[in-house]
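Just work_16.tsv here, TSV, C-alpha atoms and all ligand atoms:
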```tsv
chain	number	residue	atom	x	y	z
M	1	MET	CA	40.39	-167.38	-33.93
M	2	ILE	CA	42.46	-170.45	-33.03
M	3	ASP	CA	44.46	-170.00	-36.26
M	4	SER	CA	45.34	-166.38	-35.49
M	5	LEU	CA	46.34	-167.38	-31.92
M	6	LYS	CA	48.60	-170.07	-33.35
M	7	PHE	CA	50.04	-167.55	-35.83
M	8	SER	CA	50.78	-165.05	-33.00
M	9	ILE	CA	52.51	-167.73	-30.90
M	10	VAL	CA	54.64	-168.84	-33.86
M	11	MET	CA	55.56	-165.21	-34.61
M	12	ILE	CA	56.50	-164.53	-30.97
M	13	LEU	CA	58.72	-167.63	-30.89
M	14	PHE	CA	60.31	-166.70	-34.24
M	15	LEU	CA	61.01	-163.09	-33.15
M	16	SER	CA	62.51	-164.18	-29.83
M	17	PHE	CA	64.70	-166.70	-31.72
M	18	LEU	CA	65.93	-163.88	-34.00
M	19	ALA	CA	66.58	-161.65	-30.98
M	20	SER	CA	68.63	-164.37	-29.28
M	21	CYS	CA	70.64	-164.89	-32.50
M	22	SER	CA	71.44	-161.20	-32.87
M	23	ASP	CA	72.45	-161.07	-29.18
M	24	ARG	CA	74.83	-163.93	-29.77
M	25	ILE	CA	76.20	-162.38	-32.96
M	26	SER	CA	76.88	-159.03	-31.30
M	27	THR	CA	78.59	-160.75	-28.33
M	28	LEU	CA	80.80	-162.75	-30.67
M	29	SER	CA	81.90	-159.87	-32.84
M	30	ALA	CA	82.56	-157.31	-30.13
M	31	PRO	CA	84.03	-158.04	-26.73
M	32	PRO	CA	82.78	-155.50	-24.18
M	33	ASN	CA	84.60	-152.20	-23.56
M	34	GLU	CA	84.44	-152.45	-19.77
M	35	GLY	CA	87.69	-152.30	-17.89
M	36	LEU	CA	89.77	-151.15	-20.88
M	37	ASP	CA	92.44	-148.51	-20.28
M	38	LEU	CA	91.46	-145.86	-22.83
M	39	SER	CA	94.09	-143.32	-21.78
M	40	ASP	CA	95.34	-140.96	-24.49
M	41	GLU	CA	98.86	-142.37	-24.11
M	42	LYS	CA	97.77	-145.96	-24.72
M	43	LEU	CA	95.45	-145.09	-27.61
M	44	ASP	CA	98.25	-143.07	-29.21
M	45	PHE	CA	100.78	-145.92	-28.76
M	46	LEU	CA	98.39	-148.38	-30.39
M	47	GLY	CA	97.36	-145.96	-33.14
M	48	ILE	CA	93.68	-146.18	-32.26
M	49	THR	CA	91.97	-142.98	-33.41
M	50	ASN	CA	88.33	-143.51	-32.57
M	51	LYS	CA	87.68	-144.94	-29.14
M	52	GLU	CA	83.97	-145.14	-29.87
M	53	LYS	CA	84.61	-147.62	-32.69
M	54	LEU	CA	86.93	-150.28	-31.36
M	55	SER	CA	87.48	-153.38	-33.45
M	56	SER	CA	87.89	-156.73	-31.69
M	57	ALA	CA	91.63	-156.61	-32.45
M	58	SER	CA	91.93	-153.15	-30.88
M	59	LYS	CA	90.07	-154.36	-27.79
M	60	ARG	CA	92.44	-157.29	-27.45
M	61	ALA	CA	95.45	-154.98	-27.84
M	62	LEU	CA	93.99	-152.71	-25.16
M	63	GLN	CA	93.78	-155.72	-22.84
M	64	TRP	CA	97.50	-156.45	-23.09
M	65	THR	CA	99.38	-155.61	-19.93
M	66	ASP	CA	102.06	-152.92	-19.97
M	67	GLU	CA	104.62	-155.73	-19.76
M	68	GLN	CA	103.24	-157.38	-22.89
M	69	LEU	CA	103.06	-154.05	-24.71
M	70	TYR	CA	106.36	-152.41	-23.93
M	71	ASN	CA	108.77	-155.07	-22.67
M	72	ASN	CA	107.56	-158.63	-22.93
M	73	ASP	CA	109.99	-160.78	-20.95
M	74	TRP	CA	108.79	-163.80	-22.93
M	75	TYR	CA	109.98	-162.40	-26.27
M	76	PHE	CA	113.39	-163.10	-27.81
M	77	GLU	CA	115.35	-162.90	-31.03
M	78	TYR	CA	118.35	-165.09	-31.72
M	79	SER	CA	121.44	-165.78	-33.77
M	80	ILE	CA	123.34	-168.99	-34.51
M	81	TYR	CA	127.11	-169.47	-34.59
M	82	ASP	CA	129.69	-172.15	-35.32
M	83	LEU	CA	131.30	-174.19	-32.56
M	84	ASP	CA	134.91	-175.40	-32.57
M	85	GLY	CA	136.86	-178.57	-31.91
M	86	ASP	CA	134.86	-181.74	-32.55
M	87	PHE	CA	131.65	-179.77	-33.12
M	88	ALA	CA	133.05	-178.08	-36.22
M	89	TYR	CA	131.23	-179.44	-39.29
M	90	GLU	CA	132.63	-182.80	-40.40
M	91	GLU	CA	131.80	-184.18	-43.84
M	92	GLY	CA	130.22	-187.63	-43.72
M	93	VAL	CA	129.15	-187.39	-40.05
M	94	VAL	CA	125.76	-186.59	-38.51
M	95	ARG	CA	125.73	-184.93	-35.10
M	96	ARG	CA	122.30	-183.65	-34.13
M	97	ASP	CA	119.63	-183.21	-31.46
M	98	PRO	CA	121.94	-182.11	-28.61
M	99	SER	CA	120.72	-182.61	-25.04
M	100	ALA	CA	120.70	-179.86	-22.45
M	101	MET	CA	124.09	-178.90	-21.04
M	102	ILE	CA	125.02	-179.67	-17.46
M	103	LYS	CA	128.26	-178.88	-15.66
M	104	TYR	CA	130.48	-181.46	-13.94
M	105	GLU	CA	133.92	-180.79	-12.48
M	106	GLY	CA	134.05	-177.41	-14.22
M	107	LYS	CA	133.12	-178.70	-17.70
M	108	TYR	CA	129.96	-178.48	-19.77
M	109	TYR	CA	128.60	-181.87	-20.88
M	110	THR	CA	126.17	-182.60	-23.70
M	111	TRP	CA	124.89	-185.81	-25.30
M	112	TYR	CA	123.67	-186.13	-28.90
M	113	THR	CA	122.76	-188.39	-31.82
M	114	LYS	CA	125.71	-189.50	-33.94
M	115	SER	CA	125.74	-191.52	-37.15
M	116	THR	CA	127.86	-191.71	-40.26
M	117	GLY	CA	127.16	-191.97	-43.95
M	118	GLN	CA	124.49	-190.68	-46.23
M	119	THR	CA	120.76	-191.25	-45.91
M	120	ASP	CA	119.39	-193.79	-48.42
M	121	GLY	CA	115.66	-193.29	-47.72
M	122	PHE	CA	113.06	-196.03	-48.00
M	123	LYS	CA	113.37	-196.99	-51.68
M	124	GLY	CA	116.05	-199.67	-51.35
M	125	ASP	CA	116.67	-202.49	-48.88
M	126	ILE	CA	115.70	-201.12	-45.45
M	127	GLY	CA	117.40	-204.11	-43.86
M	128	LYS	CA	120.73	-202.70	-45.08
M	129	ASP	CA	120.15	-199.03	-45.77
M	130	LYS	CA	120.07	-196.00	-43.52
M	131	VAL	CA	116.56	-194.59	-43.91
M	132	PHE	CA	116.90	-191.31	-42.00
M	133	PRO	CA	119.90	-189.26	-40.76
M	134	TRP	CA	119.00	-190.48	-37.22
M	135	ASP	CA	118.74	-194.13	-38.27
M	136	ARG	CA	121.59	-196.50	-37.22
M	137	SER	CA	122.71	-193.96	-34.62
M	138	ASP	CA	124.24	-194.17	-31.18
M	139	ILE	CA	124.34	-191.59	-28.42
M	140	TRP	CA	127.68	-189.86	-27.95
M	141	PHE	CA	128.85	-187.20	-25.53
M	142	ALA	CA	131.25	-184.28	-25.53
M	143	THR	CA	132.62	-181.81	-23.00
M	144	SER	CA	133.76	-178.20	-23.14
M	145	GLU	CA	135.37	-175.65	-20.85
M	146	ASP	CA	133.77	-172.61	-22.47
M	147	GLY	CA	130.75	-173.91	-24.41
M	148	ILE	CA	132.51	-173.08	-27.72
M	149	THR	CA	135.30	-175.63	-28.20
M	150	TRP	CA	134.07	-179.19	-27.70
M	151	LYS	CA	135.92	-182.47	-27.23
M	152	GLU	CA	134.08	-185.63	-28.24
M	153	LYS	CA	134.53	-188.20	-25.48
M	154	GLY	CA	132.98	-191.33	-27.01
M	155	VAL	CA	129.82	-193.42	-27.03
M	156	ALA	CA	127.47	-193.17	-24.03
M	157	ILE	CA	124.61	-195.42	-25.21
M	158	SER	CA	124.93	-197.91	-28.06
M	159	ARG	CA	122.17	-199.61	-29.99
M	160	GLY	CA	120.98	-202.81	-28.33
M	161	GLU	CA	121.79	-206.39	-29.24
M	162	GLU	CA	119.78	-207.93	-32.07
M	163	GLY	CA	116.21	-208.59	-30.96
M	164	GLU	CA	116.19	-205.90	-28.26
M	165	TYR	CA	113.74	-202.99	-28.41
M	166	ASP	CA	116.54	-200.56	-29.33
M	167	ASP	CA	118.54	-202.69	-31.77
M	168	ARG	CA	118.10	-200.40	-34.79
M	169	SER	CA	118.77	-196.90	-33.45
M	170	VAL	CA	119.06	-194.85	-30.24
M	171	PHE	CA	118.81	-191.08	-30.69
M	172	THR	CA	117.46	-187.68	-29.56
M	173	VAL	CA	118.58	-187.76	-25.96
M	174	GLU	CA	118.00	-185.63	-22.85
M	175	ILE	CA	119.71	-185.58	-19.45
M	176	LEU	CA	118.26	-185.42	-15.92
M	177	VAL	CA	120.45	-185.24	-12.82
M	178	HIS	CA	118.71	-186.27	-9.62
M	179	GLU	CA	120.22	-187.04	-6.22
M	180	GLY	CA	123.65	-187.87	-7.61
M	181	THR	CA	122.36	-190.11	-10.41
M	182	TYR	CA	122.48	-189.21	-14.11
M	183	TYR	CA	119.57	-190.30	-16.32
M	184	LEU	CA	119.60	-190.27	-20.12
M	185	CYS	CA	116.23	-190.66	-21.84
M	186	TYR	CA	116.13	-191.10	-25.61
M	187	GLN	CA	114.21	-192.42	-28.61
M	188	THR	CA	114.52	-196.03	-29.70
M	189	VAL	CA	113.68	-198.02	-32.80
M	190	GLY	CA	113.84	-201.80	-32.90
M	191	GLY	CA	113.60	-204.21	-35.84
M	192	LEU	CA	113.15	-203.01	-39.40
M	193	TYR	CA	112.84	-199.25	-39.78
M	194	ASN	CA	109.80	-199.09	-42.05
M	195	LYS	CA	107.45	-196.11	-42.16
M	196	ARG	CA	104.97	-197.77	-39.81
M	197	VAL	CA	107.51	-198.77	-37.17
M	198	LYS	CA	106.55	-197.62	-33.66
M	199	ASN	CA	109.13	-195.49	-31.84
M	200	GLN	CA	109.56	-195.84	-28.07
M	201	ILE	CA	111.50	-194.14	-25.28
M	202	GLY	CA	114.41	-195.74	-23.44
M	203	LEU	CA	116.30	-194.78	-20.28
M	204	SER	CA	119.80	-195.40	-18.92
M	205	TRP	CA	121.38	-194.30	-15.65
M	206	SER	CA	124.82	-193.91	-14.14
M	207	LYS	CA	126.54	-192.54	-11.06
M	208	SER	CA	128.80	-190.44	-13.30
M	209	PRO	CA	128.20	-188.43	-16.49
M	210	ASP	CA	131.17	-190.31	-17.95
M	211	GLY	CA	129.31	-193.64	-17.49
M	212	PRO	CA	129.20	-196.60	-17.48
M	213	TRP	CA	125.45	-196.58	-18.13
M	214	THR	CA	122.89	-199.18	-17.10
M	215	LYS	CA	120.07	-199.64	-19.59
M	216	SER	CA	116.46	-200.11	-18.66
M	217	PRO	CA	115.53	-203.63	-19.90
M	218	ASN	CA	112.27	-202.25	-21.32
M	219	PRO	CA	111.17	-198.94	-22.83
M	220	ILE	CA	109.79	-196.45	-20.29
M	221	LEU	CA	107.16	-195.11	-22.71
M	222	SER	CA	105.41	-196.48	-25.81
M	223	PRO	CA	102.88	-195.10	-28.29
M	224	SER	CA	99.21	-195.65	-27.49
M	225	ASP	CA	97.85	-198.68	-29.33
M	226	ASN	CA	94.41	-197.47	-30.35
M	227	GLY	CA	95.07	-196.59	-34.00
M	228	ILE	CA	94.22	-199.01	-36.83
M	229	TRP	CA	96.30	-199.13	-40.01
M	230	LYS	CA	94.49	-199.54	-43.31
M	231	GLY	CA	96.00	-202.19	-45.57
M	232	ASP	CA	99.33	-203.85	-44.91
M	233	ASP	CA	101.78	-201.64	-46.79
M	234	LEU	CA	104.47	-201.03	-44.17
M	235	GLN	CA	105.70	-198.02	-46.14
M	236	ASP	CA	102.36	-196.19	-46.00
M	237	ARG	CA	101.95	-194.30	-42.73
M	238	PHE	CA	99.06	-192.16	-43.94
M	239	SER	CA	96.38	-194.84	-44.56
M	240	VAL	CA	94.42	-195.57	-41.43
M	241	ILE	CA	90.97	-196.80	-40.45
M	242	GLN	CA	91.34	-194.98	-37.17
M	243	LYS	CA	94.08	-192.50	-36.22
M	244	GLY	CA	94.00	-193.19	-32.47
M	245	ASP	CA	95.51	-190.92	-29.81
M	246	PHE	CA	97.83	-188.03	-30.68
M	247	ASP	CA	100.78	-190.38	-29.90
M	248	SER	CA	99.48	-193.57	-31.54
M	249	HIS	CA	102.53	-193.88	-33.81
M	250	LYS	CA	105.58	-192.40	-32.11
M	251	VAL	CA	106.69	-191.05	-28.77
M	252	HIS	CA	109.66	-188.75	-29.37
M	253	ASP	CA	111.91	-186.06	-27.93
M	254	PRO	CA	111.65	-187.10	-24.28
M	255	CYS	CA	112.70	-184.71	-21.52
M	256	ILE	CA	112.29	-185.51	-17.83
M	257	LEU	CA	111.93	-182.70	-15.26
M	258	HIS	CA	111.81	-183.14	-11.49
M	259	TYR	CA	108.69	-181.15	-10.63
M	260	LYS	CA	106.53	-180.97	-7.52
M	261	GLY	CA	108.17	-184.09	-6.07
M	262	LYS	CA	107.42	-186.16	-9.18
M	263	PHE	CA	109.06	-186.81	-12.55
M	264	TYR	CA	107.37	-185.23	-15.56
M	265	LEU	CA	108.37	-186.83	-18.83
M	266	TYR	CA	107.45	-184.36	-21.58
M	267	TYR	CA	107.39	-185.81	-25.07
M	268	LYS	CA	106.31	-185.22	-28.64
M	269	GLY	CA	103.59	-187.47	-30.04
M	270	GLU	CA	103.17	-188.46	-33.68
M	271	GLN	CA	99.83	-189.88	-34.74
M	272	MET	CA	99.13	-192.70	-37.16
M	273	GLY	CA	97.72	-191.22	-40.37
M	274	GLU	CA	99.33	-187.84	-39.58
M	275	SER	CA	97.79	-184.93	-41.49
M	276	ILE	CA	99.17	-181.65	-42.63
M	277	THR	CA	97.08	-178.86	-41.14
M	278	PHE	CA	97.11	-175.09	-41.66
M	279	GLY	CA	100.01	-174.92	-39.21
M	280	GLY	CA	102.21	-177.66	-40.68
M	281	ARG	CA	102.54	-181.25	-39.44
M	282	GLN	CA	100.10	-182.61	-36.87
M	283	ILE	CA	102.46	-182.57	-33.92
M	284	ARG	CA	101.44	-182.30	-30.27
M	285	HIS	CA	103.09	-182.73	-26.90
M	286	GLY	CA	102.13	-184.93	-23.98
M	287	VAL	CA	103.37	-185.62	-20.48
M	288	ALA	CA	103.70	-188.82	-18.48
M	289	ILE	CA	104.28	-188.67	-14.72
M	290	ALA	CA	106.15	-191.00	-12.34
M	291	ASP	CA	107.15	-191.13	-8.67
M	292	HIS	CA	110.67	-192.32	-9.54
M	293	PRO	CA	112.93	-191.29	-12.47
M	294	ARG	CA	112.91	-194.90	-13.70
M	295	GLY	CA	109.10	-194.95	-13.81
M	296	PRO	CA	106.55	-196.37	-14.21
M	297	TYR	CA	105.42	-193.35	-16.23
M	298	ILE	CA	101.64	-192.85	-16.47
M	299	LYS	CA	100.38	-190.68	-19.32
M	300	SER	CA	98.37	-187.68	-18.16
M	301	PRO	CA	94.63	-187.95	-18.90
M	302	TYR	CA	94.89	-184.30	-20.08
M	303	ASN	CA	97.12	-185.25	-23.03
M	304	PRO	CA	97.73	-183.75	-25.47
M	305	ILE	CA	98.94	-180.69	-23.56
M	306	SER	CA	99.88	-178.69	-26.66
M	307	ASN	CA	98.24	-178.37	-30.05
M	308	SER	CA	101.51	-177.42	-31.78
M	309	GLY	CA	105.30	-177.66	-31.47
M	310	HIS	CA	108.11	-180.03	-32.32
M	311	GLU	CA	111.19	-180.91	-30.25
M	312	ILE	CA	110.48	-180.59	-26.52
M	313	CYS	CA	112.10	-177.57	-24.87
M	314	VAL	CA	110.82	-177.16	-21.30
M	315	TRP	CA	112.13	-175.58	-18.10
M	316	PRO	CA	110.85	-174.77	-14.63
M	317	PHE	CA	109.86	-171.17	-13.97
M	318	ASN	CA	107.96	-169.43	-11.19
M	319	GLY	CA	106.43	-172.58	-9.75
M	320	GLY	CA	105.28	-173.79	-13.18
M	321	ILE	CA	106.77	-175.12	-16.42
M	322	ALA	CA	107.66	-173.02	-19.47
M	323	SER	CA	107.70	-174.51	-22.96
M	324	LEU	CA	109.03	-173.25	-26.28
M	325	ILE	CA	106.68	-174.34	-29.07
M	326	THR	CA	108.50	-174.41	-32.43
M	327	THR	CA	108.02	-175.47	-36.06
M	328	ASP	CA	104.53	-177.05	-36.38
M	329	GLY	CA	100.91	-176.22	-35.63
M	330	PRO	CA	98.90	-173.01	-35.37
M	331	GLU	CA	100.70	-171.96	-32.17
M	332	ARG	CA	104.24	-172.52	-33.50
M	333	ASN	CA	106.81	-169.94	-32.40
M	334	THR	CA	105.19	-169.16	-29.08
M	335	VAL	CA	106.55	-169.39	-25.56
M	336	GLN	CA	104.01	-170.92	-23.19
M	337	TRP	CA	103.78	-171.43	-19.45
M	338	ALA	CA	101.62	-173.66	-17.25
M	339	LYS	CA	101.32	-173.09	-13.56
M	340	ASP	CA	100.58	-176.80	-13.08
M	341	GLY	CA	102.87	-178.14	-15.83
M	342	ILE	CA	99.83	-179.19	-17.87
M	343	ASN	CA	97.53	-176.30	-18.78
M	344	PHE	CA	99.72	-174.08	-20.96
M	345	GLU	CA	98.96	-170.44	-21.84
M	346	ILE	CA	100.68	-168.36	-24.53
M	347	MET	CA	102.99	-165.81	-22.89
M	348	GLY	CA	104.71	-164.45	-25.98
M	349	ALA	CA	105.05	-165.00	-29.71
M	350	VAL	CA	108.42	-164.93	-31.50
M	351	LYS	CA	109.31	-164.56	-35.18
M	352	ASP	CA	111.21	-167.82	-35.32
M	353	SER	CA	113.17	-170.04	-32.94
M	354	PRO	CA	116.24	-172.30	-32.94
M	355	LYS	CA	115.44	-175.98	-33.55
M	356	ALA	CA	116.21	-179.02	-31.38
M	357	ILE	CA	117.49	-176.86	-28.55
M	358	GLY	CA	119.95	-178.13	-25.94
M	359	LEU	CA	119.21	-175.78	-23.06
M	360	ASN	CA	121.84	-174.43	-20.73
M	361	ARG	CA	120.64	-175.93	-17.45
M	362	THR	CA	123.61	-174.53	-15.56
M	363	VAL	CA	122.03	-171.07	-15.11
M	364	GLU	CA	119.53	-169.95	-12.50
M	365	SER	CA	116.36	-170.51	-14.55
M	366	GLU	CA	114.13	-168.69	-12.05
M	367	LYS	CA	115.89	-165.35	-12.55
M	368	GLU	CA	113.89	-164.38	-15.64
M	369	PRO	CA	111.42	-166.27	-17.83
M	370	LEU	CA	113.96	-166.76	-20.63
M	371	GLU	CA	117.18	-166.88	-18.58
M	372	VAL	CA	117.66	-170.49	-19.61
M	373	LEU	CA	117.51	-169.50	-23.30
M	374	GLY	CA	120.41	-167.02	-23.04
M	375	TRP	CA	122.70	-169.33	-25.02
M	376	GLY	CA	122.72	-173.01	-25.80
M	377	LEU	CA	123.05	-175.67	-28.46
M	378	THR	CA	121.02	-176.30	-31.59
M	379	HIS	CA	121.51	-178.29	-34.77
M	380	GLU	CA	121.48	-177.24	-38.34
M	381	TYR	CA	121.08	-179.07	-41.63
M	382	LYS	CA	124.16	-178.63	-43.81
M	383	ASN	CA	122.12	-180.74	-46.23
M	384	TYR	CA	119.62	-183.60	-45.95
M	385	ASN	CA	122.40	-186.13	-45.27
M	386	TYR	CA	124.45	-184.26	-42.71
M	387	GLN	CA	123.61	-182.14	-39.70
M	388	TYR	CA	125.92	-180.57	-37.15
M	389	ILE	CA	125.69	-179.01	-33.73
M	390	ARG	CA	125.95	-175.23	-33.48
M	391	GLY	CA	125.47	-172.63	-30.79
M	392	PHE	CA	122.68	-170.09	-30.43
M	393	LYS	CA	122.33	-167.00	-28.32
M	394	THR	CA	119.26	-164.92	-27.73
M	395	ARG	CA	118.67	-161.24	-27.15
M	396	LYS	CA	115.69	-159.22	-26.07
M	397	LYS	CA	113.89	-156.87	-28.43
M	398	LYS	CA	116.37	-154.99	-30.67
F	401	LIG	C1	113.72	-184.52	-34.74
F	401	LIG	C2	112.99	-185.07	-33.52
F	401	LIG	C3	113.14	-186.57	-33.46
F	401	LIG	C4	112.69	-187.19	-34.75
F	401	LIG	C5	113.81	-186.77	-35.63
F	401	LIG	C6	114.99	-187.09	-34.79
F	401	LIG	O1	113.32	-183.27	-35.10
F	401	LIG	O2	111.66	-184.67	-33.48
F	401	LIG	O3	114.51	-186.86	-33.44
F	401	LIG	O4	112.66	-188.57	-34.65
F	401	LIG	O5	113.65	-185.38	-35.89
```
Written form, structure tokens:
Amino acid sequence: MIDSLKFSIVMILFLSFLASCSDRISTLSAPPNEGLDLSDEKLDFLGITNKEKLSSASKRALQWTDEQLYNNDWYFEYSIYDLDGDFAYEEGVVRRDPSAMIKYEGKYYTWYTKSTGQTDGFKGDIGKDKVFPWDRSDIWFATSEDGITWKEKGVAISRGEEGEYDDRSVFTVEILVHEGTYYLCYQTVGGLYNKRVKNQIGLSWSKSPDGPWTKSPNPILSPSDNGIWKGDDLQDRFSVIQKGDFDSHKVHDPCILHYKGKFYLYYKGEQMGESITFGGRQIRHGVAIADHPRGPYIKSPYNPISNSGHEICVWPFNGGIASLITTDGPERNTVQWAKDGINFEIMGAVKDSPKAIGLNRTVESEKEPLEVLGWGLTHEYKNYNYQYIRGFKTRKKK
């Protein structure tokens, strides 16, 4: 009697467990139909024949707004073209990672990484060699009347004196103009450029885009220090005991925006022991926020704020921040937007995008989501040794 009671209880529990599983399975595989627009026109456009048998993909497509379906303002295609004057390709010279363009006294200005000579890599004497195209670089600037023909004006920021945090290379620069002061933020490497070297972010400011520039005595952002290398081979960046935060190795590609009365420094993080995932390199973005352009910058506790991307390309739009996510990670080639500058949603996916974009910040970026991407600067690899700055322009759907 007791045994059969026990058996019944066990059976009841088992059956209710099965029922709860099948509930969960059916919820997972089929989002509900409620609220879907099943008009003949929409079904015909999407090529859905049987509205009684909607796959999950068809249900998602039916949830897209008319704007996403017929004319997504967050979608673009692009082409790349040569620039003239000093931005024409020059053998033996690296010009890359252009900053955004600003306008001053009727001329466009841009800043960029410049170095000379071929890249030797890490096999020889890193104390003498140039290990990357952006190693042993300085930051130069150029101006243009029409955005096509550029005149190189000279060095803006040089590498620091021996022993300073930026004595090996300064590169990958962005510009912020705030209340009549010009701020350049950029990557820095100090000491020997081995594969484990930490990369930081420096800042300089001036009352004129032509300089002279005053350098911050210390970096304004550094990698987190909670990763642990395994072994002491300075040329092995993949062996770790603990990877640490998403930016435990390098903070890169800085870009400061004045947003909601504060200064948002968006940056790319590289992690110690970086892996290759199904979307490419493990690259994510973070943000650090300050009350003054010179800092101190405090990293957001929500970091990382992207799971994909590469060079930072961000602009203000509609009270929030838009971000073009390129190159790496499962969400590469998407345009995202966050109404608070932190929690980004995918607004559109593109086939491909220009790399290392220098945005045109002289246009009214609020006009349309991608107004700021109408035309701008990018860089291209002529070969591994030499890169040059080119132009890009975008168009809506063909
Ligand atoms: C770029 C950027 C940074 C890296 C190197 C030069 O794509 O992400 O600038 O350090 O490559």
Could you give me, as a Markdown table, every chain M residue with an atom at most 7 Å from ligand LIG 401 (chain F), plus its closest atom pair and distance in Å to one decimal, counting all atoms listed in the file, rows ordered by chain then number?
```
| residue | atom | partner | partner_atom | distance |
| --- | --- | --- | --- | --- |
| M:Asp97 | CA | F:LIG401 | O3 | 6.6 |
| M:Trp134 | CA | F:LIG401 | C6 | 5.8 |
| M:Phe171 | CA | F:LIG401 | O3 | 6.6 |
| M:Thr172 | CA | F:LIG401 | O3 | 4.9 |
| M:His252 | CA | F:LIG401 | C3 | 5.8 |
| M:Asp253 | CA | F:LIG401 | C3 | 5.7 |
| M:His310 | CA | F:LIG401 | O2 | 6.0 |
| M:Glu311 | CA | F:LIG401 | O2 | 5.0 |
| M:Ala356 | CA | F:LIG401 | O1 | 6.3 |
```
message: I'd like to know which of M:Ser222, M:Ser239, M:Ser99, M:Ser39 is closest to M:Ile256, using all atoms listed in the file.
response: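 Among M:Ser222, M:Ser239, M:Ser99, M:Ser39, it is M:Ser99 that comes nearest to M:Ile256.
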Counting all atoms listed in the file, which residues in stretch 142-183 of chain M sit no more than 7 Å from stretch 68-87 of chain M? For each one, give the nearest pair of atoms and the distance in Å, sorted by chain then residue number, as JSON lines.
```
{"residue": "M:Ile148", "atom": "CA", "partner": "M:Leu83", "partner_atom": "CA", "distance": 5.1}
{"residue": "M:Thr149", "atom": "CA", "partner": "M:Asp84", "partner_atom": "CA", "distance": 4.4}
{"residue": "M:Trp150", "atom": "CA", "partner": "M:Gly85", "partner_atom": "CA", "distance": 5.1}
{"residue": "M:Lys151", "atom": "CA", "partner": "M:Asp86", "partner_atom": "CA", "distance": 5.5}
{"residue": "M:Glu152", "atom": "CA", "partner": "M:Asp86", "partner_atom": "CA", "distance": 5.9}
```
message: For a quick check of understanding, using all atoms listed in the file, which of M:Gly227, M:Pro219, M:Pro293, M:Gly269 has the smallest distance to M:Thr181?
response: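 Once distances to M:Thr181 are computed over all atoms listed in the file, the minimum belongs to M:Pro293.
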- prompt: atom CA of M:Thr394 and atom CA of M:Ser306, how far apart in Å?
  reply: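 Interatomic distance, atom CA of M:Ser306 to atom CA of M:Thr394: 23.8 Å.
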- prompt: What would the list of residues within 8 Å of (106.7, -172.5, -15.4) (file frame) look like as a list of chain:residue names, if all atoms listed in the file are what count?
  reply: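 Answer for this query, in the requested form: M:Trp315, M:Pro316, M:Phe317, M:Asn318, M:Gly319, M:Gly320, M:Ile321, M:Ala322, M:Ser323, M:Trp337, M:Ala338, M:Lys339, M:Asp340, M:Gly341.
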message: Can you measure atom CA of M:Glu270 to atom CA of M:Glu380 for me? One decimal in Å is fine.
response: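 Here the two named atoms are 22.0 Å from each other.
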Tell me which protein, DNA and RNA residues are within 12 Å of M:Asn303, counting all atoms listed in the file, leaving out same-chain ones fewer than 4 positions away, and put them as a short mmCIF file (atom, residue, chain, number, x, y, z; two decimals) with C-alpha atoms, in the frame of the given file.
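The resulting file, result-v1.cif, is reproduced below:
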```
data_model
loop_
_atom_site.label_atom_id
_atom_site.label_comp_id
_atom_site.auth_asym_id
_atom_site.auth_seq_id
_atom_site.Cartn_x
_atom_site.Cartn_y
_atom_site.Cartn_z
CA SER M 224 99.21 -195.65 -27.49
CA ASP M 245 95.51 -190.92 -29.81
CA PHE M 246 97.83 -188.03 -30.68
CA ASP M 247 100.78 -190.38 -29.90
CA TYR M 266 107.45 -184.36 -21.58
CA TYR M 267 107.39 -185.81 -25.07
CA LYS M 268 106.31 -185.22 -28.64
CA GLY M 269 103.59 -187.47 -30.04
CA ARG M 284 101.44 -182.30 -30.27
CA HIS M 285 103.09 -182.73 -26.90
CA GLY M 286 102.13 -184.93 -23.98
CA VAL M 287 103.37 -185.62 -20.48
CA ALA M 288 103.70 -188.82 -18.48
CA ILE M 289 104.28 -188.67 -14.72
CA ILE M 298 101.64 -192.85 -16.47
CA LYS M 299 100.38 -190.68 -19.32
CA ASN M 307 98.24 -178.37 -30.05
CA GLY M 341 102.87 -178.14 -15.83
CA ILE M 342 99.83 -179.19 -17.87
CA ASN M 343 97.53 -176.30 -18.78
CA PHE M 344 99.72 -174.08 -20.96
#
```
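Going from atom CA of M:Lys207 over to atom CA of M:Gly180, you cover 6.5 Å.
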Selection as a ChimeraX atom specification: residues within 8 Å of (123.5, -167.0, -23.9), counting only C-alpha atoms: /M:373-376,392-394
- request: Identify which of the residues M:Pro133, M:Gly160, M:Pro98, M:Gly124 lies closest to M:Thr214, counting only C-alpha atoms when measuring atom-to-atom distances.
  value: M:Gly160
With 10 Å as the cut-off and only C-alpha atoms counted, what is the closest atom pair between each nearby residue of stretch 157-269 of chain M and stretch 101-106 of chain M? Distances in Å to one decimal, ordered by chain and number, as JSON lines.
```
{"residue": "M:Glu174", "atom": "CA", "partner": "M:Met101", "partner_atom": "CA", "distance": 9.3}
{"residue": "M:Ile175", "atom": "CA", "partner": "M:Met101", "partner_atom": "CA", "distance": 8.1}
{"residue": "M:Leu176", "atom": "CA", "partner": "M:Ile102", "partner_atom": "CA", "distance": 9.0}
{"residue": "M:Val177", "atom": "CA", "partner": "M:Ile102", "partner_atom": "CA", "distance": 8.6}
{"residue": "M:Ser208", "atom": "CA", "partner": "M:Tyr104", "partner_atom": "CA", "distance": 9.2}
{"residue": "M:Pro209", "atom": "CA", "partner": "M:Tyr104", "partner_atom": "CA", "distance": 7.8}
{"residue": "M:Asp210", "atom": "CA", "partner": "M:Tyr104", "partner_atom": "CA", "distance": 9.7}
```
field: Which of M:Val363, M:Ile346, M:Ala290, M:Leu370 sits closest to M:Tyr108 [using all atoms listed in the file]
entry: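 Once distances to M:Tyr108 are computed over all atoms listed in the file, the minimum belongs to M:Val363.
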